[in-house]
$ cat query.json   # JSON, C-alpha atoms
[["chain", "number", "residue", "atom", "x", "y", "z"],
["M", 1, "MET", "CA", 131.49, 122.19, 94.66],
["M", 2, "THR", "CA", 131.79, 124.20, 97.84],
["M", 3, "SER", "CA", 131.98, 127.75, 96.49],
["M", 4, "ALA", "CA", 130.78, 129.95, 93.65],
["M", 5, "PRO", "CA", 132.20, 128.95, 90.26],
["M", 6, "THR", "CA", 134.73, 130.93, 88.26],
["M", 7, "LEU", "CA", 134.69, 131.38, 84.51],
["M", 8, "SER", "CA", 137.24, 128.55, 84.30],
["M", 9, "ASP", "CA", 134.86, 126.25, 86.18],
["M", 10, "ILE", "CA", 132.03, 127.15, 83.80],
["M", 11, "ARG", "CA", 134.19, 126.52, 80.74],
["M", 12, "ALA", "CA", 135.24, 123.12, 82.13],
["M", 13, "ALA", "CA", 131.58, 122.29, 82.74],
["M", 14, "ARG", "CA", 130.79, 123.16, 79.17],
["M", 15, "GLU", "CA", 133.38, 120.68, 77.91],
["M", 16, "LEU", "CA", 131.98, 117.91, 80.12],
["M", 17, "ILE", "CA", 128.34, 118.36, 79.13],
["M", 18, "ALA", "CA", 128.87, 119.23, 75.46],
["M", 19, "PRO", "CA", 128.21, 115.68, 74.17],
["M", 20, "HIS", "CA", 124.91, 115.56, 76.04],
["M", 21, "ILE", "CA", 123.26, 118.92, 75.30],
["M", 22, "HIS", "CA", 122.45, 121.11, 72.31],
["M", 23, "ARG", "CA", 124.34, 124.25, 71.48],
["M", 24, "THR", "CA", 121.10, 126.16, 71.03],
["M", 25, "PRO", "CA", 120.62, 128.75, 68.29],
["M", 26, "VAL", "CA", 120.49, 132.51, 68.76],
["M", 27, "LEU", "CA", 117.54, 133.94, 66.82],
["M", 28, "THR", "CA", 116.57, 137.48, 65.92],
["M", 29, "SER", "CA", 113.36, 139.15, 64.79],
["M", 30, "ALA", "CA", 113.25, 142.33, 62.72],
["M", 31, "THR", "CA", 109.68, 142.88, 63.95],
["M", 32, "LEU", "CA", 110.61, 142.69, 67.64],
["M", 33, "ASN", "CA", 113.72, 144.83, 67.06],
["M", 34, "ARG", "CA", 111.56, 147.50, 65.46],
["M", 35, "GLU", "CA", 108.96, 147.35, 68.24],
["M", 36, "HIS", "CA", 111.55, 147.86, 70.97],
["M", 37, "GLY", "CA", 114.05, 150.10, 69.20],
["M", 38, "ALA", "CA", 116.86, 147.67, 70.00],
["M", 39, "GLU", "CA", 118.70, 144.67, 68.60],
["M", 40, "LEU", "CA", 117.40, 141.62, 70.45],
["M", 41, "PHE", "CA", 119.23, 138.29, 70.39],
["M", 42, "PHE", "CA", 117.23, 135.35, 71.72],
["M", 43, "LYS", "CA", 119.22, 132.40, 73.12],
["M", 44, "CYS", "CA", 116.74, 129.60, 72.44],
["M", 45, "GLU", "CA", 116.97, 127.23, 75.37],
["M", 46, "ASN", "CA", 113.38, 126.29, 74.58],
["M", 47, "LEU", "CA", 115.09, 124.13, 71.92],
["M", 48, "GLN", "CA", 117.46, 122.56, 74.48],
["M", 49, "LYS", "CA", 117.34, 118.90, 75.55],
["M", 50, "VAL", "CA", 114.24, 118.37, 77.74],
["M", 51, "GLY", "CA", 113.01, 121.70, 76.35],
["M", 52, "ALA", "CA", 114.78, 123.91, 78.89],
["M", 53, "PHE", "CA", 118.13, 125.33, 80.03],
["M", 54, "LYS", "CA", 117.83, 123.10, 83.10],
["M", 55, "ALA", "CA", 119.48, 120.30, 81.10],
["M", 56, "ARG", "CA", 122.79, 122.15, 81.51],
["M", 57, "GLY", "CA", 122.95, 122.34, 85.31],
["M", 58, "ALA", "CA", 121.44, 118.93, 86.00],
["M", 59, "THR", "CA", 123.74, 117.20, 83.53],
["M", 60, "PHE", "CA", 126.85, 118.80, 84.96],
["M", 61, "ALA", "CA", 125.83, 118.13, 88.57],
["M", 62, "VAL", "CA", 125.23, 114.43, 87.91],
["M", 63, "LEU", "CA", 128.12, 113.73, 85.54],
["M", 64, "SER", "CA", 130.70, 115.55, 87.68],
["M", 65, "ALA", "CA", 129.70, 113.87, 90.96],
["M", 66, "PRO", "CA", 132.01, 111.22, 92.46],
["M", 67, "GLU", "CA", 130.85, 107.64, 91.92],
["M", 68, "ALA", "CA", 130.35, 107.07, 95.65],
["M", 69, "ASP", "CA", 127.96, 110.03, 95.86],
["M", 70, "VAL", "CA", 125.56, 108.75, 93.20],
["M", 71, "ARG", "CA", 125.61, 105.05, 93.99],
["M", 72, "GLY", "CA", 122.13, 105.37, 95.51],
["M", 73, "GLY", "CA", 120.92, 107.54, 92.65],
["M", 74, "VAL", "CA", 119.97, 111.20, 92.66],
["M", 75, "VAL", "CA", 116.93, 113.01, 94.03],
["M", 76, "THR", "CA", 115.41, 116.43, 93.54],
["M", 77, "HIS", "CA", 112.19, 118.39, 93.92],
["M", 78, "SER", "CA", 110.94, 120.43, 90.98],
["M", 79, "SER", "CA", 107.80, 121.73, 89.28],
["M", 80, "GLY", "CA", 109.01, 120.28, 86.04],
["M", 81, "ASN", "CA", 111.94, 121.36, 83.90],
["M", 82, "HIS", "CA", 114.70, 120.51, 86.40],
["M", 83, "ALA", "CA", 112.79, 117.33, 87.18],
["M", 84, "ALA", "CA", 112.98, 116.15, 83.58],
["M", 85, "ALA", "CA", 116.57, 117.33, 83.29],
["M", 86, "LEU", "CA", 117.64, 115.37, 86.36],
["M", 87, "ALA", "CA", 115.76, 112.26, 85.24],
["M", 88, "ARG", "CA", 117.60, 112.46, 81.92],
["M", 89, "ALA", "CA", 120.98, 113.08, 83.56],
["M", 90, "ALA", "CA", 120.43, 110.10, 85.87],
["M", 91, "SER", "CA", 119.70, 107.90, 82.86],
["M", 92, "ILE", "CA", 122.91, 109.08, 81.17],
["M", 93, "ARG", "CA", 124.89, 108.25, 84.34],
["M", 94, "GLY", "CA", 123.01, 104.97, 84.75],
["M", 95, "VAL", "CA", 121.64, 105.63, 88.23],
["M", 96, "PRO", "CA", 118.09, 105.95, 89.62],
["M", 97, "GLY", "CA", 116.44, 109.37, 89.38],
["M", 98, "HIS", "CA", 113.98, 110.14, 92.19],
["M", 99, "ILE", "CA", 111.80, 113.16, 91.42],
["M", 100, "VAL", "CA", 109.49, 114.94, 93.88],
["M", 101, "MET", "CA", 106.87, 117.00, 92.04],
["M", 102, "PRO", "CA", 104.05, 119.20, 93.39],
["M", 103, "SER", "CA", 100.61, 117.77, 92.71],
["M", 104, "ASN", "CA", 99.79, 120.72, 90.44],
["M", 105, "ALA", "CA", 102.83, 120.32, 88.18],
["M", 106, "PRO", "CA", 101.82, 120.62, 84.50],
["M", 107, "LYS", "CA", 101.03, 117.26, 82.94],
["M", 108, "VAL", "CA", 103.42, 117.94, 80.05],
["M", 109, "LYS", "CA", 106.26, 118.15, 82.57],
["M", 110, "GLN", "CA", 105.16, 115.02, 84.43],
["M", 111, "ASP", "CA", 105.11, 113.14, 81.12],
["M", 112, "SER", "CA", 108.61, 114.36, 80.31],
["M", 113, "VAL", "CA", 109.99, 113.03, 83.61],
["M", 114, "ARG", "CA", 108.44, 109.63, 82.94],
["M", 115, "ARG", "CA", 109.87, 109.50, 79.42],
["M", 116, "TYR", "CA", 113.36, 109.80, 80.88],
["M", 117, "GLY", "CA", 112.74, 107.07, 83.43],
["M", 118, "GLY", "CA", 112.32, 109.30, 86.49],
["M", 119, "GLN", "CA", 110.46, 107.88, 89.50],
["M", 120, "ILE", "CA", 107.89, 110.52, 90.55],
["M", 121, "THR", "CA", 106.69, 111.13, 94.10],
["M", 122, "PHE", "CA", 103.92, 113.72, 94.37],
["M", 123, "CYS", "CA", 103.54, 116.17, 97.26],
["M", 124, "GLU", "CA", 101.55, 119.22, 98.26],
["M", 125, "PRO", "CA", 102.43, 122.32, 96.20],
["M", 126, "THR", "CA", 104.48, 124.05, 98.88],
["M", 127, "ILE", "CA", 108.24, 124.46, 99.16],
["M", 128, "ALA", "CA", 108.22, 122.89, 102.63],
["M", 129, "ALA", "CA", 106.39, 119.80, 101.38],
["M", 130, "ARG", "CA", 108.75, 119.42, 98.44],
["M", 131, "GLU", "CA", 111.83, 119.65, 100.63],
["M", 132, "ALA", "CA", 110.43, 117.21, 103.21],
["M", 133, "ALA", "CA", 109.55, 114.61, 100.58],
["M", 134, "ALA", "CA", 112.99, 114.86, 98.97],
["M", 135, "ALA", "CA", 114.70, 114.54, 102.36],
["M", 136, "LYS", "CA", 112.67, 111.40, 103.11],
["M", 137, "ILE", "CA", 113.70, 109.77, 99.83],
["M", 138, "GLN", "CA", 117.31, 110.77, 100.39],
["M", 139, "ALA", "CA", 117.28, 109.17, 103.84],
["M", 140, "GLU", "CA", 115.69, 105.96, 102.53],
["M", 141, "THR", "CA", 117.83, 105.49, 99.40],
["M", 142, "GLY", "CA", 121.11, 107.29, 100.04],
["M", 143, "ALA", "CA", 120.51, 109.27, 96.84],
["M", 144, "MET", "CA", 122.47, 112.48, 96.26],
["M", 145, "LEU", "CA", 120.33, 115.60, 96.45],
["M", 146, "VAL", "CA", 120.63, 117.83, 93.39],
["M", 147, "HIS", "CA", 118.81, 121.00, 94.34],
["M", 148, "PRO", "CA", 117.04, 122.62, 91.37],
["M", 149, "TYR", "CA", 118.90, 125.89, 91.80],
["M", 150, "ASP", "CA", 120.64, 126.33, 95.17],
["M", 151, "ASP", "CA", 123.59, 124.13, 94.22],
["M", 152, "TRP", "CA", 126.98, 125.36, 93.00],
["M", 153, "ALA", "CA", 127.33, 122.55, 90.45],
["M", 154, "VAL", "CA", 123.90, 123.32, 89.01],
["M", 155, "ILE", "CA", 124.73, 127.04, 88.88],
["M", 156, "THR", "CA", 128.01, 126.22, 87.13],
["M", 157, "GLY", "CA", 126.18, 124.28, 84.44],
["M", 158, "GLN", "CA", 123.65, 127.07, 83.92],
["M", 159, "GLY", "CA", 126.48, 129.53, 83.32],
["M", 160, "THR", "CA", 127.41, 127.67, 80.14],
["M", 161, "CYS", "CA", 124.42, 129.25, 78.39],
["M", 162, "ALA", "CA", 125.88, 132.76, 78.68],
["M", 163, "VAL", "CA", 129.29, 131.54, 77.52],
["M", 164, "GLU", "CA", 127.73, 130.25, 74.30],
["M", 165, "LEU", "CA", 125.66, 133.40, 73.83],
["M", 166, "LEU", "CA", 128.66, 135.71, 74.18],
["M", 167, "GLU", "CA", 130.79, 133.56, 71.90],
["M", 168, "GLU", "CA", 128.21, 134.06, 69.19],
["M", 169, "ILE", "CA", 127.27, 137.68, 69.95],
["M", 170, "PRO", "CA", 130.26, 139.10, 71.85],
["M", 171, "ASP", "CA", 129.31, 142.77, 71.83],
["M", 172, "LEU", "CA", 126.09, 142.67, 73.84],
["M", 173, "ASP", "CA", 125.26, 145.64, 76.03],
["M", 174, "LEU", "CA", 123.11, 143.65, 78.43],
["M", 175, "ILE", "CA", 121.61, 140.23, 79.08],
["M", 176, "LEU", "CA", 118.10, 139.72, 80.43],
["M", 177, "ALA", "CA", 116.89, 136.44, 81.94],
["M", 178, "PRO", "CA", 113.96, 135.25, 84.08],
["M", 179, "VAL", "CA", 114.50, 134.84, 87.83],
["M", 180, "GLY", "CA", 113.04, 131.97, 89.85],
["M", 181, "GLY", "CA", 115.51, 130.32, 92.18],
["M", 182, "GLY", "CA", 118.28, 132.43, 90.68],
["M", 183, "GLY", "CA", 120.55, 129.67, 89.36],
["M", 184, "LEU", "CA", 120.46, 130.91, 85.77],
["M", 185, "THR", "CA", 120.94, 134.59, 86.57],
["M", 186, "CYS", "CA", 123.71, 133.68, 89.02],
["M", 187, "GLY", "CA", 125.63, 131.58, 86.48],
["M", 188, "THR", "CA", 124.94, 134.14, 83.76],
["M", 189, "SER", "CA", 126.22, 137.02, 85.88],
["M", 190, "ILE", "CA", 129.45, 135.21, 86.75],
["M", 191, "ALA", "CA", 130.17, 134.19, 83.15],
["M", 192, "ALA", "CA", 129.09, 137.41, 81.46],
["M", 193, "LYS", "CA", 130.90, 139.79, 83.79],
["M", 194, "ALA", "CA", 134.12, 137.78, 83.44],
["M", 195, "LEU", "CA", 133.88, 137.57, 79.65],
["M", 196, "ARG", "CA", 132.73, 141.13, 78.99],
["M", 197, "PRO", "CA", 133.51, 143.66, 81.73],
["M", 198, "GLY", "CA", 130.96, 146.43, 81.58],
["M", 199, "ILE", "CA", 128.09, 144.27, 80.37],
["M", 200, "ARG", "CA", 124.91, 144.65, 82.41],
["M", 201, "VAL", "CA", 122.84, 141.68, 83.54],
["M", 202, "PHE", "CA", 119.23, 142.04, 84.64],
["M", 203, "GLY", "CA", 116.63, 139.64, 85.96],
["M", 204, "ALA", "CA", 112.92, 139.74, 85.18],
["M", 205, "GLU", "CA", 110.37, 138.33, 87.60],
["M", 206, "PRO", "CA", 106.57, 138.03, 87.75],
["M", 207, "ALA", "CA", 105.02, 140.73, 89.93],
["M", 208, "GLY", "CA", 103.04, 137.96, 91.64],
["M", 209, "ALA", "CA", 106.21, 136.10, 92.62],
["M", 210, "ASP", "CA", 108.60, 138.94, 93.35],
["M", 211, "ASP", "CA", 110.74, 137.63, 96.21],
["M", 212, "ALA", "CA", 114.01, 138.16, 94.32],
["M", 213, "PHE", "CA", 113.06, 141.75, 93.56],
["M", 214, "ARG", "CA", 112.22, 142.37, 97.22],
["M", 215, "SER", "CA", 115.40, 140.59, 98.33],
["M", 216, "LEU", "CA", 117.68, 142.80, 96.26],
["M", 217, "GLN", "CA", 115.74, 145.91, 97.30],
["M", 218, "THR", "CA", 116.15, 145.17, 101.01],
["M", 219, "GLY", "CA", 119.49, 143.37, 100.99],
["M", 220, "VAL", "CA", 117.88, 140.52, 102.94],
["M", 221, "ARG", "CA", 116.57, 137.34, 101.31],
["M", 222, "GLN", "CA", 112.77, 137.52, 101.41],
["M", 223, "PRO", "CA", 110.31, 134.61, 101.59],
["M", 224, "GLN", "CA", 108.26, 133.51, 98.59],
["M", 225, "ASP", "CA", 104.75, 133.46, 100.05],
["M", 226, "ASN", "CA", 101.84, 132.22, 97.93],
["M", 227, "PRO", "CA", 103.27, 133.05, 94.49],
["M", 228, "LEU", "CA", 100.53, 133.87, 91.98],
["M", 229, "THR", "CA", 101.72, 133.60, 88.39],
["M", 230, "ILE", "CA", 101.21, 131.52, 85.27],
["M", 231, "ALA", "CA", 105.02, 131.29, 85.04],
["M", 232, "ASP", "CA", 105.16, 128.01, 86.98],
["M", 233, "GLY", "CA", 108.93, 127.74, 86.66],
["M", 234, "LEU", "CA", 109.34, 130.99, 88.62],
["M", 235, "ARG", "CA", 107.19, 130.21, 91.65],
["M", 236, "VAL", "CA", 110.16, 129.02, 93.70],
["M", 237, "ALA", "CA", 112.10, 131.02, 96.28],
["M", 238, "LEU", "CA", 115.40, 132.72, 95.51],
["M", 239, "GLY", "CA", 118.24, 130.45, 96.64],
["M", 240, "GLU", "CA", 120.71, 131.44, 99.32],
["M", 241, "LYS", "CA", 123.75, 130.74, 97.13],
["M", 242, "SER", "CA", 122.38, 132.70, 94.21],
["M", 243, "PHE", "CA", 121.42, 135.60, 96.46],
["M", 244, "SER", "CA", 125.00, 135.85, 97.73],
["M", 245, "VAL", "CA", 126.24, 136.27, 94.15],
["M", 246, "LEU", "CA", 123.41, 138.37, 92.73],
["M", 247, "THR", "CA", 123.78, 141.03, 95.42],
["M", 248, "ARG", "CA", 127.30, 141.60, 94.07],
["M", 249, "LEU", "CA", 126.91, 141.10, 90.35],
["M", 250, "LEU", "CA", 123.31, 141.57, 89.17],
["M", 251, "ASP", "CA", 122.52, 145.06, 87.90],
["M", 252, "GLY", "CA", 118.86, 144.87, 88.87],
["M", 253, "ILE", "CA", 115.54, 143.02, 88.74],
["M", 254, "VAL", "CA", 112.32, 144.25, 87.17],
["M", 255, "THR", "CA", 108.83, 142.87, 87.74],
["M", 256, "VAL", "CA", 106.30, 142.01, 85.07],
["M", 257, "SER", "CA", 102.48, 141.78, 85.10],
["M", 258, "GLU", "CA", 100.58, 138.63, 84.22],
["M", 259, "ASP", "CA", 98.97, 140.36, 81.24],
["M", 260, "ALA", "CA", 102.40, 141.24, 79.85],
["M", 261, "ILE", "CA", 103.66, 137.67, 80.36],
["M", 262, "THR", "CA", 100.68, 136.23, 78.49],
["M", 263, "SER", "CA", 100.77, 138.73, 75.64],
["M", 264, "SER", "CA", 104.55, 138.41, 75.20],
["M", 265, "MET", "CA", 104.32, 134.63, 75.15],
["M", 266, "ARG", "CA", 101.63, 134.73, 72.46],
["M", 267, "HIS", "CA", 103.44, 137.45, 70.49],
["M", 268, "THR", "CA", 106.63, 135.36, 70.45],
["M", 269, "TRP", "CA", 104.72, 132.35, 69.12],
["M", 270, "GLU", "CA", 103.13, 134.48, 66.41],
["M", 271, "VAL", "CA", 106.15, 136.53, 65.36],
["M", 272, "MET", "CA", 109.09, 134.17, 65.88],
["M", 273, "LYS", "CA", 107.21, 130.93, 65.13],
["M", 274, "ILE", "CA", 108.67, 129.17, 68.17],
["M", 275, "ILE", "CA", 107.02, 127.73, 71.28],
["M", 276, "ILE", "CA", 108.02, 129.25, 74.60],
["M", 277, "GLU", "CA", 106.51, 128.70, 78.03],
["M", 278, "PRO", "CA", 105.28, 131.53, 80.28],
["M", 279, "SER", "CA", 108.54, 131.79, 82.26],
["M", 280, "SER", "CA", 110.42, 132.44, 79.01],
["M", 281, "ALA", "CA", 108.10, 135.33, 78.15],
["M", 282, "VAL", "CA", 108.87, 137.33, 81.30],
["M", 283, "PRO", "CA", 111.95, 139.18, 79.94],
["M", 284, "LEU", "CA", 110.15, 140.29, 76.77],
["M", 285, "GLY", "CA", 107.20, 141.26, 78.95],
["M", 286, "ALA", "CA", 109.54, 143.55, 80.87],
["M", 287, "LEU", "CA", 110.50, 145.30, 77.62],
["M", 288, "GLN", "CA", 106.85, 145.47, 76.55],
["M", 289, "GLU", "CA", 106.01, 147.30, 79.79],
["M", 290, "GLY", "CA", 108.98, 149.65, 79.43],
["M", 291, "LYS", "CA", 110.66, 148.41, 82.61],
["M", 292, "LEU", "CA", 114.13, 148.74, 81.05],
["M", 293, "ASP", "CA", 115.41, 151.35, 78.63],
["M", 294, "VAL", "CA", 117.03, 149.30, 75.86],
["M", 295, "SER", "CA", 116.76, 151.89, 73.11],
["M", 296, "GLY", "CA", 119.68, 151.48, 70.71],
["M", 297, "LYS", "CA", 121.14, 148.61, 72.75],
["M", 298, "ARG", "CA", 122.20, 145.09, 71.81],
["M", 299, "VAL", "CA", 120.28, 142.85, 74.19],
["M", 300, "GLY", "CA", 120.65, 139.14, 74.85],
["M", 301, "ILE", "CA", 117.46, 137.46, 76.07],
["M", 302, "ILE", "CA", 117.52, 133.90, 77.38],
["M", 303, "LEU", "CA", 114.38, 131.98, 76.40],
["M", 304, "THR", "CA", 114.51, 129.47, 79.22],
["M", 305, "GLY", "CA", 112.07, 126.79, 78.14],
["M", 306, "GLY", "CA", 109.35, 125.61, 75.79],
["M", 307, "ASN", "CA", 107.35, 123.05, 77.76],
["M", 308, "VAL", "CA", 103.72, 124.05, 77.49],
["M", 309, "ASP", "CA", 100.46, 122.26, 78.26],
["M", 310, "LEU", "CA", 98.79, 122.74, 74.88],
["M", 311, "ASP", "CA", 95.37, 122.02, 76.40],
["M", 312, "ARG", "CA", 95.70, 124.91, 78.87],
["M", 313, "LEU", "CA", 97.17, 127.87, 77.00],
["M", 314, "PRO", "CA", 96.94, 131.05, 79.11],
["M", 315, "TRP", "CA", 95.07, 133.05, 76.47],
["M", 316, "GLN", "CA", 92.34, 130.40, 76.23],
["M", 317, "HIS", "CA", 91.19, 130.56, 79.88]]
$ encode --input "query.json" --output "structure tokens"
Amino acid sequence: MTSAPTLSDIRAARELIAPHIHRTPVLTSATLNREHGAELFFKCENLQKVGAFKARGATFAVLSAPEADVRGGVVTHSSGNHAAALARAASIRGVPGHIVMPSNAPKVKQDSVRRYGGQITFCEPTIAAREAAAAKIQAETGAMLVHPYDDWAVITGQGTCAVELLEEIPDLDLILAPVGGGGLTCGTSIAAKALRPGIRVFGAEPAGADDAFRSLQTGVRQPQDNPLTIADGLRVALGEKSFSVLTRLLDGIVTVSEDAITSSMRHTWEVMKIIIEPSSAVPLGALQEGKLDVSGKRVGIILTGGNVDLDRLPWQH
């Protein structure tokens, strides 16, 4: 794809990937509704294939690619969830999946990549190192690069999550999702604004990795320098493609403290009895800190993933 998707593109993507992903449930909690004075609807992508929404974008990008483009396989760089998603998509398509992962990627996410047959190459935990390693593999193998977020096909696939959410709960006032590279919020904004004019879409970002917040504040894409957050899925830089869409469609970004991320993650486990990873807890952390006034509103929250290293829970260290 060479340009931003339309709602029609996102709907077509949904049809293509439907046999290969879950239609994840939307859960509610009377306790959390009472605590926040709002009706909260949680789209549980932590229960998605590979344990994350990333299955949507990776599956669409690989399955929609021309045969000639994937003859040498596919390659990406990712801290984990997109890595596993691409490895799985490659196995569905029957092509090699080359995965560049930073050396500090959580072991649970490394194990997931291996389970799906992905071939891991480790690199230093910097964006530059990741990109250089992926480019080297691409040059050696002829594999097609599937960027974890700055890719229109990936963004198109991620937009299918919002389509499902609004089919089930059509009268939402706003949707709140975590922001890392911006692929999810970009696809969500396109789908939601087309389906429900007047809906508001917000991103939530760790205060220690706030490049998207700074980018929207200044109108110029800002670098992600030395991100410090337990939300490992959100340590990446906002993508150029997503930024071009979010400046037009996103209603705002709020930042969240590490304490709020940790406490919201634990509170979700305790109250909703589901496992979410730190990145998923950022939107609820924003509500906990009062960063958005949702009083009396119907709020969709995308729980982006549930891949957690159970030996290194954030409240145990």
$ closest_atom_pairs --input "query.json" --of "region 187-291 of chain M" --to "region 24-37 of chain M" --cutoff "8 Å" --atoms "only C-alpha atoms" --output "JSON lines"
{"residue": "M:Val271", "atom": "CA", "partner": "M:Thr31", "partner_atom": "CA", "distance": 7.4}
{"residue": "M:Met272", "atom": "CA", "partner": "M:Ser29", "partner_atom": "CA", "distance": 6.6}
{"residue": "M:Leu287", "atom": "CA", "partner": "M:His36", "partner_atom": "CA", "distance": 7.2}
{"residue": "M:Gln288", "atom": "CA", "partner": "M:His36", "partner_atom": "CA", "distance": 7.7}
$ atom_distance --input "query.json" --atom1 "CA of Val282 (chain M)" --atom2 "CA of Thr156 (chain M)"
22.9 Å
$ axis_aligned_box --input "query.json" --around "region 53-70 of chain M" --padding-each-side "8 Å" --output "AutoDock Vina command-line options"
--center_x 124.9 --center_y 116.2 --center_z 87.9 --size_x 30.2 --size_y 34.3 --size_z 31.8
$ closest_residue --input "query.json" --among "M:Thr126, M:Thr268, M:Thr160, M:Asn307" --to "Asn226 (chain M)" --atoms "all atoms listed in the file"
M:Thr126
$ residues_near_point --input "query.json" --point "(120.0, 106.6, 84.3)" --cutoff "12 Å" --atoms "all atoms listed in the file" --output "CSV table (one decimal) with C-alpha atoms, in the frame of the given file"
chain,number,residue,atom,x,y,z
M,59,THR,CA,123.7,117.2,83.5
M,62,VAL,CA,125.2,114.4,87.9
M,63,LEU,CA,128.1,113.7,85.5
M,70,VAL,CA,125.6,108.8,93.2
M,71,ARG,CA,125.6,105.0,94.0
M,72,GLY,CA,122.1,105.4,95.5
M,73,GLY,CA,120.9,107.5,92.6
M,74,VAL,CA,120.0,111.2,92.7
M,84,ALA,CA,113.0,116.2,83.6
M,85,ALA,CA,116.6,117.3,83.3
M,86,LEU,CA,117.6,115.4,86.4
M,87,ALA,CA,115.8,112.3,85.2
M,88,ARG,CA,117.6,112.5,81.9
M,89,ALA,CA,121.0,113.1,83.6
M,90,ALA,CA,120.4,110.1,85.9
M,91,SER,CA,119.7,107.9,82.9
M,92,ILE,CA,122.9,109.1,81.2
M,93,ARG,CA,124.9,108.2,84.3
M,94,GLY,CA,123.0,105.0,84.8
M,95,VAL,CA,121.6,105.6,88.2
M,96,PRO,CA,118.1,106.0,89.6
M,97,GLY,CA,116.4,109.4,89.4
M,98,HIS,CA,114.0,110.1,92.2
M,113,VAL,CA,110.0,113.0,83.6
M,115,ARG,CA,109.9,109.5,79.4
M,116,TYR,CA,113.4,109.8,80.9
M,117,GLY,CA,112.7,107.1,83.4
M,118,GLY,CA,112.3,109.3,86.5
M,119,GLN,CA,110.5,107.9,89.5
$ closest_residue --input "query.json" --among "M:Arg200, M:Arg130, M:Lys193, M:Lys291" --to "His77 (chain M)" --atoms "all atoms listed in the file"
M:Arg130
$ closest_residue --input "query.json" --among "M:Val254, M:Met101, M:Leu165, M:Ala177" --to "Pro206 (chain M)" --atoms "only C-alpha atoms"
M:Val254
$ atom_distance --input "query.json" --atom1 "CA of Pro148 (chain M)" --atom2 "CA of Ala58 (chain M)"
7.9 Å
$ residues_around --input "query.json" --residues "Glu205 (chain M)" --least-positions-apart "6" --cutoff "6 Å" --atoms "only C-alpha atoms" --output "PyMOL selection string"
chain M and resi 178-179+255
$ closest_residue --input "query.json" --among "M:Ser280, M:Gln222, M:Ser215, M:Ser64" --to "Asp9 (chain M)" --atoms "all atoms listed in the file"
M:Ser64
$ residues_around --input "query.json" --residues "Thr185 (chain M)" --least-positions-apart "6" --cutoff "10 Å" --atoms "all atoms listed in the file" --output "PyMOL selection string"
chain M and resi 155+158-159+162+175-179+191+201-204+242-243+245-246+249-250+302
$ closest_residue --input "query.json" --among "M:Pro170, M:Glu39, M:Ile127, M:Glu270" --to "Arg196 (chain M)" --atoms "all atoms listed in the file"
M:Pro170
$ atom_distance --input "query.json" --atom1 "CA of Val163 (chain M)" --atom2 "CA of Leu7 (chain M)"
8.8 Å
$ closest_residue --input "query.json" --among "M:Pro125, M:Glu67, M:Ala134, M:Arg23" --to "Ile99 (chain M)" --atoms "all atoms listed in the file"
M:Ala134
$ residues_near_point --input "query.json" --point "(101.7, 133.6, 84.5)" --cutoff "7 Å" --atoms "all atoms listed in the file" --output "list in words"
Thr229, Ile230, Ala231, Glu258, Ile261, Thr262 and Pro278 of chain M
$ residues_around --input "query.json" --residues "Leu303 (chain M)" --least-positions-apart "6" --cutoff "6 Å" --atoms "all atoms listed in the file" --output "JSON, numbers by chain"
{"M": [43, 44, 45, 280]}
$ residues_around --input "query.json" --residues "Glu124 (chain M)" --least-positions-apart "3" --cutoff "8 Å" --atoms "only C-alpha atoms" --output "PDB file with C-alpha atoms, in the frame of the given file"
ATOM      1  CA  PRO M 102     104.050 119.200  93.390  1.00  0.00           C
ATOM      2  CA  SER M 103     100.610 117.770  92.710  1.00  0.00           C
ATOM      3  CA  ALA M 129     106.390 119.800 101.380  1.00  0.00           C
ATOM      4  CA  ARG M 130     108.750 119.420  98.440  1.00  0.00           C
TER       5      ARG M 130
END
$ residues_around --input "query.json" --residues "region 16-19 of chain M" --least-positions-apart "3" --cutoff "7 Å" --atoms "all atoms listed in the file" --output "list in words"
Ala12, Ala13, Thr59 and Phe60 of chain M
